[in-house]
Amino acid sequence: MQVKIQSIHFDADKKLLDFIQEKVGKLNHYYDGIMSGEVFLRLENAKDTHNKVAEIKLQTRSGELFAKKQCASFEAAVIESADALRMQVKKHKEKVKNL
């Protein structure tokens, strides 16, 4: 699966990019119908420490899945988004299988 990562208004380091590739790539194990993924990383202007946002969009053969989480670090936001998408992918796979 091809994963495109965009960091908005900052440059993400290689360690973070590799981490994202690994986490999002694992979603392919749950459903082989995932065609591609896009990850958007941004900093919110919030004054609290939970100002890092990760949005993940997966393109499947029959639609699109999306998750967005805001946490204190990009790694945590990516993990939470990937977990939310894992549940969506499993539901989507069951739905497609029952058609």
# chains A, B, ... in the order shown; residues from 1 in each chain; ligands from 1

call {"tool": "select_by_dssp", "arguments": {"residues": "region 16-80 of chain A", "states": "alpha helix (DSSP H)", "output": "list in words"}}
result
Leu16, Leu17, Asp18, Phe19, Ile20, Gln21, Glu22, Lys23, Val24, Gly25, Phe74, Glu75, Ala76, Ala77, Val78, Ile79 and Glu80 of chain A

call {"tool": "residues_around", "arguments": {"residues": "Val24 (chain A)", "least_positions_apart": "3", "cutoff": "10 Å", "atoms": "only C-alpha atoms", "output": "PyMOL selection string"}}
result
chain A and resi 1-3+19-21+27-28+36-39+56-58+78-79+81-83+85-86

call {"tool": "closest_residue", "arguments": {"among": "A:Glu64, A:Glu80, A:Glu55, A:Glu94", "to": "Ile8 (chain A)", "atoms": "only C-alpha atoms"}}
result
A:Glu55

call {"tool": "closest_residue", "arguments": {"among": "A:Ala54, A:Ala67, A:Met35, A:Ala46", "to": "Ser7 (chain A)", "atoms": "only C-alpha atoms"}}
result
A:Ala54

call {"tool": "closest_residue", "arguments": {"among": "A:Glu44, A:Ala76, A:Val53, A:Leu65", "to": "Lys91 (chain A)", "atoms": "only C-alpha atoms"}}
result
A:Leu65

call {"tool": "closest_residue", "arguments": {"among": "A:Ala12, A:Met87, A:Leu41, A:Val96", "to": "Lys69 (chain A)", "atoms": "only C-alpha atoms"}}
result
A:Leu41

call {"tool": "closest_residue", "arguments": {"among": "A:Lys23, A:His9, A:Lys97, A:Lys90", "to": "Asn45 (chain A)", "atoms": "only C-alpha atoms"}}
result
A:His9

call {"tool": "atom_distance", "arguments": {"atom1": "CA of Val89 (chain A)", "atom2": "CA of Tyr31 (chain A)"}}
result
6.6 Å

call {"tool": "select_by_dssp", "arguments": {"residues": "chain A", "states": "strand (DSSP E)", "output": "PyMOL selection string"}}
result
chain A and resi 2-7+34-43+52-60+63-71

call {"tool": "residues_around", "arguments": {"residues": "Leu99 (chain A)", "least_positions_apart": "6", "cutoff": "12 Å", "atoms": "only C-alpha atoms", "output": "VMD selection string"}}
result
chain A and resid 62 92 to 93

call {"tool": "atom_distance", "arguments": {"atom1": "CA of Ile5 (chain A)", "atom2": "CA of Phe74 (chain A)"}}
result
12.5 Å

call {"tool": "closest_residue", "arguments": {"among": "A:Lys4, A:Lys52, A:Lys47, A:His29", "to": "Glu75 (chain A)", "atoms": "only C-alpha atoms"}}
result
A:Lys52

call {"tool": "atom_distance", "arguments": {"atom1": "CA of Gln70 (chain A)", "atom2": "CA of Phe40 (chain A)"}}
result
11.8 Å
